[in-house]
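For reference, the structure discussed in these notes is given below.
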Amino acid sequence: MRIRQLHCFVALAEELSFTRAAQRLNMSQPPLSTQIQTLEREVGVDLLSRTSRRVALTPAGQAFLLRARNMLDQYDRALQEVREIQHGQDGLLEIGATGSILRGGLAGLLARFAARHPRITLRLHEQSPSAQIAEVLSRRTDVSFNRSIPREPELAHEYGWREEMVALLPASHPLAGRPAVSIDDLRADPHVVLRPESSDFAAYLMACLMARGHRPRISQQVVDAQSIPSLIEAGFGVSIVPAAIATLTAGPLVFLPIRPDPPVSDVFMVYRRDDPAPVLRSFLAEMRAFLDEKPAASAG
């Protein structure tokens, strides 16, 4: 059974005239008759009764007409779907990120994309930076939002946005009432830090703390910056975190600008160089457009 045969049958069933059906299909009557006869042989029953004066649907033809219309509708939808996939308008996108990057503006960007592309499913994976890179390399995720530039030659990266880092202190800290602090001001405090080996960004933060020959006292090490506020609130010291961590953070905590020379966090979109998926290309293009609309200092 072919799509052409179904189109011929539906046209004839609706027109009940070989002449009008042939005109509607832009074909002559003999090929139309051949298509109908072939279809009837394949289904094994007469779908139409024909006389010299009229054409009518048989009971089997009436039942088959409903199914034929459904089949043609499904066929048209299938064509539309695969064309949308080909043009990056439909499909599934697996995205890796840390919780702190989601807070830093990524969640809003993804919401905008989802609103404009309701047929693309965005599936988020909250992962450590190293796990994100491994997942992109293994093709289990399509794109990662990471604070470090990947070293692997298979991966490409694009600059997304920049966040300033701020000092996180308990509200009871002696410096909590200041408008800003320096890294030197925090030398005497124990620090909660990102595990240096977890990413180049974590290593960069440790280097910022040690830049003046001071080795900070480390009270705790974590993988994701959004875990830090609860440790600071519990009395484990102070920390330096992305400014977005202040968003939706409750508790007796104070976030202070670091002056002078605040550390910064750049966020990059990371993906495989050889990934040809149209849905990924569409996503990256929209992210570039969204980010071009925003001030260079933040995506939030």
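Identifiers in this document derive from the order of the structure tokens: chains are assigned A, B, ..., residues are numbered from 1 separately in each chain, and ligands are numbered from 1 in order of occurrence.
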
Within 9 Å of Arg215 of chain A, counting only C-alpha atoms, which residues show up once you throw out same-chain ones fewer than 5 positions away? Write them as a compact mmCIF listing (two decimals) with N, CA and C atoms, in the first residue's frame, please.
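Final file, out_36.txt:
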```
# COMPACT_ATOMS: atom_id res chain seq x y z
N ARG A 187 42.68 36.77 55.27
CA ARG A 187 43.81 35.85 55.46
C ARG A 187 43.68 35.01 56.73
N LEU A 209 43.82 33.15 46.02
CA LEU A 209 44.01 33.20 47.46
C LEU A 209 45.49 33.19 47.83
N MET A 210 46.29 32.53 47.01
CA MET A 210 47.71 32.36 47.33
C MET A 210 48.61 33.38 46.61
```

Test item, strand (DSSP E or B) assignment across segment 48-96 of chain A, answer as a PyMOL selection string: chain A and resi 48-50+55-57+91-96

Produce a file of the selected residues containing all heavy atoms, as a PDB file, in the first residue's frame.
```
ATOM      1  N   LEU A  48     -15.210   0.518  -3.418  1.00  0.00           N
ATOM      2  CA  LEU A  48     -16.153   1.364  -4.139  1.00  0.00           C
ATOM      3  C   LEU A  48     -17.024   0.490  -5.025  1.00  0.00           C
ATOM      4  O   LEU A  48     -16.571  -0.525  -5.564  1.00  0.00           O
ATOM      5  CB  LEU A  48     -15.407   2.386  -5.001  1.00  0.00           C
ATOM      6  CG  LEU A  48     -14.534   3.406  -4.246  1.00  0.00           C
ATOM      7  CD1 LEU A  48     -13.257   3.687  -5.008  1.00  0.00           C
ATOM      8  CD2 LEU A  48     -15.313   4.694  -4.020  1.00  0.00           C
ATOM      9  N   SER A  49     -18.270   0.885  -5.154  1.00  0.00           N
ATOM     10  CA  SER A  49     -19.137   0.262  -6.147  1.00  0.00           C
ATOM     11  C   SER A  49     -19.257   1.228  -7.313  1.00  0.00           C
ATOM     12  O   SER A  49     -19.425   2.426  -7.120  1.00  0.00           O
ATOM     13  CB  SER A  49     -20.527  -0.040  -5.552  1.00  0.00           C
ATOM     14  OG  SER A  49     -21.179   1.151  -5.170  1.00  0.00           O
ATOM     15  N   ARG A  50     -19.136   0.681  -8.517  1.00  0.00           N
ATOM     16  CA  ARG A  50     -19.103   1.527  -9.702  1.00  0.00           C
ATOM     17  C   ARG A  50     -20.182   1.075 -10.673  1.00  0.00           C
ATOM     18  O   ARG A  50     -20.334  -0.121 -10.925  1.00  0.00           O
ATOM     19  CB  ARG A  50     -17.754   1.451 -10.394  1.00  0.00           C
ATOM     20  CG  ARG A  50     -16.541   1.644  -9.485  1.00  0.00           C
ATOM     21  CD  ARG A  50     -15.297   1.120 -10.173  1.00  0.00           C
ATOM     22  NE  ARG A  50     -14.084   1.204  -9.410  1.00  0.00           N
ATOM     23  CZ  ARG A  50     -13.709   0.364  -8.467  1.00  0.00           C
ATOM     24  NH1 ARG A  50     -14.502  -0.651  -8.133  1.00  0.00           N
ATOM     25  NH2 ARG A  50     -12.564   0.522  -7.840  1.00  0.00           N
ATOM     26  N   VAL A  55     -20.651   6.474  -8.600  1.00  0.00           N
ATOM     27  CA  VAL A  55     -19.634   5.824  -7.774  1.00  0.00           C
ATOM     28  C   VAL A  55     -20.077   5.977  -6.326  1.00  0.00           C
ATOM     29  O   VAL A  55     -20.507   7.067  -5.913  1.00  0.00           O
ATOM     30  CB  VAL A  55     -18.243   6.483  -7.960  1.00  0.00           C
ATOM     31  CG1 VAL A  55     -17.219   5.865  -7.023  1.00  0.00           C
ATOM     32  CG2 VAL A  55     -17.789   6.362  -9.410  1.00  0.00           C
ATOM     33  N   ALA A  56     -20.011   4.901  -5.565  1.00  0.00           N
ATOM     34  CA  ALA A  56     -20.417   4.958  -4.157  1.00  0.00           C
ATOM     35  C   ALA A  56     -19.441   4.136  -3.323  1.00  0.00           C
ATOM     36  O   ALA A  56     -18.820   3.175  -3.818  1.00  0.00           O
ATOM     37  CB  ALA A  56     -21.836   4.437  -3.988  1.00  0.00           C
ATOM     38  N   LEU A  57     -19.325   4.501  -2.062  1.00  0.00           N
ATOM     39  CA  LEU A  57     -18.499   3.735  -1.134  1.00  0.00           C
ATOM     40  C   LEU A  57     -19.244   2.510  -0.660  1.00  0.00           C
ATOM     41  O   LEU A  57     -20.443   2.577  -0.339  1.00  0.00           O
ATOM     42  CB  LEU A  57     -18.131   4.594   0.085  1.00  0.00           C
ATOM     43  CG  LEU A  57     -17.082   5.688  -0.120  1.00  0.00           C
ATOM     44  CD1 LEU A  57     -17.036   6.603   1.103  1.00  0.00           C
ATOM     45  CD2 LEU A  57     -15.709   5.069  -0.359  1.00  0.00           C
ATOM     46  N   GLY A  91      13.409  17.965  18.695  1.00  0.00           N
ATOM     47  CA  GLY A  91      14.404  17.009  19.162  1.00  0.00           C
ATOM     48  C   GLY A  91      14.656  17.130  20.653  1.00  0.00           C
ATOM     49  O   GLY A  91      13.912  17.781  21.393  1.00  0.00           O
ATOM     50  N   LEU A  92      15.728  16.488  21.101  1.00  0.00           N
ATOM     51  CA  LEU A  92      16.108  16.428  22.508  1.00  0.00           C
ATOM     52  C   LEU A  92      17.525  16.961  22.654  1.00  0.00           C
ATOM     53  O   LEU A  92      18.415  16.590  21.891  1.00  0.00           O
ATOM     54  CB  LEU A  92      16.033  14.983  23.011  1.00  0.00           C
ATOM     55  CG  LEU A  92      16.609  14.690  24.393  1.00  0.00           C
ATOM     56  CD1 LEU A  92      15.811  15.399  25.483  1.00  0.00           C
ATOM     57  CD2 LEU A  92      16.645  13.184  24.648  1.00  0.00           C
ATOM     58  N   LEU A  93      17.741  17.818  23.651  1.00  0.00           N
ATOM     59  CA  LEU A  93      19.067  18.365  23.911  1.00  0.00           C
ATOM     60  C   LEU A  93      19.432  18.066  25.361  1.00  0.00           C
ATOM     61  O   LEU A  93      18.708  18.441  26.287  1.00  0.00           O
ATOM     62  CB  LEU A  93      19.091  19.865  23.658  1.00  0.00           C
ATOM     63  CG  LEU A  93      20.469  20.495  23.497  1.00  0.00           C
ATOM     64  CD1 LEU A  93      21.104  20.050  22.174  1.00  0.00           C
ATOM     65  CD2 LEU A  93      20.375  22.004  23.533  1.00  0.00           C
ATOM     66  N   GLU A  94      20.560  17.381  25.545  1.00  0.00           N
ATOM     67  CA  GLU A  94      21.067  17.045  26.879  1.00  0.00           C
ATOM     68  C   GLU A  94      22.086  18.108  27.279  1.00  0.00           C
ATOM     69  O   GLU A  94      23.062  18.350  26.567  1.00  0.00           O
ATOM     70  CB  GLU A  94      21.728  15.669  26.863  1.00  0.00           C
ATOM     71  CG  GLU A  94      20.863  14.541  26.289  1.00  0.00           C
ATOM     72  CD  GLU A  94      19.884  13.969  27.302  1.00  0.00           C
ATOM     73  OE1 GLU A  94      19.845  14.472  28.452  1.00  0.00           O
ATOM     74  OE2 GLU A  94      19.160  13.017  26.958  1.00  0.00           O
ATOM     75  N   ILE A  95      21.873  18.733  28.450  1.00  0.00           N
ATOM     76  CA  ILE A  95      22.678  19.878  28.864  1.00  0.00           C
ATOM     77  C   ILE A  95      23.279  19.619  30.240  1.00  0.00           C
ATOM     78  O   ILE A  95      22.563  19.281  31.188  1.00  0.00           O
ATOM     79  CB  ILE A  95      21.821  21.154  28.914  1.00  0.00           C
ATOM     80  CG1 ILE A  95      21.186  21.419  27.545  1.00  0.00           C
ATOM     81  CG2 ILE A  95      22.643  22.351  29.366  1.00  0.00           C
ATOM     82  CD1 ILE A  95      20.122  22.489  27.571  1.00  0.00           C
ATOM     83  N   GLY A  96      24.593  19.810  30.351  1.00  0.00           N
ATOM     84  CA  GLY A  96      25.270  19.682  31.629  1.00  0.00           C
ATOM     85  C   GLY A  96      25.608  21.047  32.205  1.00  0.00           C
ATOM     86  O   GLY A  96      25.975  21.967  31.477  1.00  0.00           O
TER      87      GLY A  96
END
```

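Within 10 Å of Ala13 of chain A, once only C-alpha atoms are used and residues closer than 4 positions along the same chain are dropped, the contacting residues are His7, Cys8, Phe9, Ser17, Phe18, Ala21, Leu47, Leu48, Val55, Ala56, Leu57, Gly61, Gln62 and Leu65 of chain A.
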
Same residues, N, CA and C atoms, output as a short mmCIF file (atom, residue, chain, number, x, y, z; two decimals), in the first residue's frame:
```
data_model
loop_
_atom_site.label_atom_id
_atom_site.label_comp_id
_atom_site.auth_asym_id
_atom_site.auth_seq_id
_atom_site.Cartn_x
_atom_site.Cartn_y
_atom_site.Cartn_z
N HIS A 7 -4.00 8.68 -1.34
CA HIS A 7 -4.46 9.99 -1.81
C HIS A 7 -5.53 9.82 -2.90
N CYS A 8 -5.32 8.88 -3.81
CA CYS A 8 -6.30 8.64 -4.87
C CYS A 8 -7.62 8.16 -4.31
N PHE A 9 -7.56 7.24 -3.35
CA PHE A 9 -8.79 6.70 -2.78
C PHE A 9 -9.56 7.79 -2.04
N SER A 17 -16.62 10.81 -7.96
CA SER A 17 -16.59 11.02 -9.41
C SER A 17 -15.15 10.86 -9.87
N PHE A 18 -14.93 9.94 -10.83
CA PHE A 18 -13.58 9.77 -11.36
C PHE A 18 -13.10 11.04 -12.06
N ALA A 21 -12.28 13.68 -9.29
CA ALA A 21 -11.13 13.23 -8.51
C ALA A 21 -9.85 13.34 -9.32
N LEU A 47 -13.77 -1.47 -2.31
CA LEU A 47 -13.95 -0.26 -1.51
C LEU A 47 -14.98 0.67 -2.12
N LEU A 48 -15.21 0.52 -3.42
CA LEU A 48 -16.15 1.36 -4.14
C LEU A 48 -17.02 0.49 -5.03
N VAL A 55 -20.65 6.47 -8.60
CA VAL A 55 -19.63 5.82 -7.77
C VAL A 55 -20.08 5.98 -6.33
N ALA A 56 -20.01 4.90 -5.57
CA ALA A 56 -20.42 4.96 -4.16
C ALA A 56 -19.44 4.14 -3.32
N LEU A 57 -19.32 4.50 -2.06
CA LEU A 57 -18.50 3.74 -1.13
C LEU A 57 -19.24 2.51 -0.66
N GLY A 61 -15.53 0.38 2.27
CA GLY A 61 -14.92 1.63 1.83
C GLY A 61 -15.14 2.76 2.82
N GLN A 62 -16.34 2.80 3.42
CA GLN A 62 -16.62 3.84 4.40
C GLN A 62 -15.71 3.70 5.62
N LEU A 65 -12.11 4.65 4.64
CA LEU A 65 -11.89 6.07 4.43
C LEU A 65 -11.40 6.76 5.71
#
```

One-decimal distance in Å that lies between atom CA of Thr249 of chain A and atom CA of Val270 of chain A: 27.6 Å

Residues of segment 93-249 of chain A in alpha helix (DSSP H), written as a PyMOL selection string: chain A and resi 99-101+107-116+129-137+200-209+228-233

Shortest interatomic distance to Arg24 of chain A - which of A:Leu12, A:Thr38, A:Pro190, A:Gly251, counting only C-alpha atoms: A:Leu12

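Closest approach to Ser239 of chain A among A:Val267, A:Ala167, A:Ala285, A:Ile183: A:Ala167, based on only C-alpha atoms.
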
Residue among A:Arg119, A:Arg67, A:Arg178, A:Arg151 lying closest to Ile258 of chain A, counting only C-alpha atoms: A:Arg178

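Each of A:Glu163, A:Glu14, A:Glu158, A:Glu233 was checked against Gly105 of chain A using only C-alpha atoms; the smallest atom-to-atom distance is that of A:Glu163.
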
Separation of atom CA of Arg123 of chain A from atom CA of Ala203 of chain A, in Å and rounded to one decimal: 29.0 Å

Selection near Gly177 of chain A, 12 Å with only C-alpha atoms, sequence-local residues under 2 positions removed, as a PyMOL selection string: chain A and resi 169-175+179-181+253-257

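Among the candidates A:Arg217, A:Arg195, A:Arg147, A:His125, the residue lying nearest to Met269 of chain A is A:Arg147 (atoms considered: only C-alpha atoms).
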
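Candidate residues A:Asp261, A:Asp46, A:Glu154, A:Glu286 were compared for distance to Ala134 of chain A, and the nearest is A:Glu154, using only C-alpha atoms.
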
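What separates atom CA of Leu205 of chain A from atom CA of Arg139 of chain A is a distance of 29.3 Å.
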
Contacts of Ala22 of chain A at 10 Å (only C-alpha atoms; same-chain gap of 5+ positions) as a ChimeraX atom specification: /A:8,11-12,15,17,27-33

So that I can check the surroundings of Tyr271 of chain A, please list as a short mmCIF file (atom, residue, chain, number, x, y, z; two decimals) with all heavy atoms, in the first residue's frame every protein, DNA and RNA residue that reaches within 7 Å of it, counting only C-alpha atoms and ignoring chain neighbours fewer than 6 positions away.
```cif
data_model
loop_
_atom_site.label_atom_id
_atom_site.label_comp_id
_atom_site.auth_asym_id
_atom_site.auth_seq_id
_atom_site.Cartn_x
_atom_site.Cartn_y
_atom_site.Cartn_z
N VAL A 136 30.21 15.07 27.80
CA VAL A 136 30.21 15.59 26.43
C VAL A 136 31.11 14.74 25.55
O VAL A 136 30.76 14.41 24.40
CB VAL A 136 30.66 17.07 26.41
CG1 VAL A 136 30.79 17.56 24.96
CG2 VAL A 136 29.67 17.94 27.16
N ASP A 142 25.00 16.88 25.15
CA ASP A 142 25.30 17.59 23.90
C ASP A 142 26.13 18.85 24.13
O ASP A 142 26.96 19.21 23.30
CB ASP A 142 23.99 17.97 23.20
CG ASP A 142 23.16 16.76 22.87
OD1 ASP A 142 23.61 15.93 22.08
OD2 ASP A 142 22.05 16.64 23.43
N VAL A 143 25.88 19.52 25.25
CA VAL A 143 26.56 20.78 25.52
C VAL A 143 26.69 20.95 27.03
O VAL A 143 25.84 20.51 27.80
CB VAL A 143 25.79 21.98 24.90
CG1 VAL A 143 24.39 22.10 25.48
CG2 VAL A 143 26.56 23.28 25.05
N SER A 144 27.78 21.56 27.43
CA SER A 144 28.06 21.82 28.84
C SER A 144 28.28 23.31 29.03
O SER A 144 28.86 23.98 28.18
CB SER A 144 29.31 21.03 29.28
OG SER A 144 29.85 21.57 30.47
N LEU A 155 36.94 18.88 21.76
CA LEU A 155 35.91 19.80 22.24
C LEU A 155 36.14 21.22 21.76
O LEU A 155 37.28 21.71 21.70
CB LEU A 155 35.87 19.78 23.77
CG LEU A 155 35.55 18.42 24.41
CD1 LEU A 155 35.51 18.56 25.93
CD2 LEU A 155 34.25 17.86 23.88
N ALA A 156 35.05 21.87 21.43
CA ALA A 156 35.06 23.30 21.10
C ALA A 156 34.43 24.06 22.26
O ALA A 156 33.66 23.51 23.05
CB ALA A 156 34.29 23.55 19.81
N HIS A 157 34.75 25.34 22.37
CA HIS A 157 34.14 26.16 23.42
C HIS A 157 33.87 27.55 22.89
O HIS A 157 34.54 28.03 21.98
CB HIS A 157 35.05 26.23 24.66
CG HIS A 157 36.30 27.01 24.44
ND1 HIS A 157 37.43 26.48 23.85
CD2 HIS A 157 36.60 28.33 24.69
CE1 HIS A 157 38.37 27.39 23.78
NE2 HIS A 157 37.90 28.52 24.27
#
```

Shell around Asp200 of chain A at 12 Å using only C-alpha atoms, local window under 3 positions removed, as a VMD selection string: chain A and resid 129 to 130 146 to 151 194 to 197 203 to 207 265 to 266
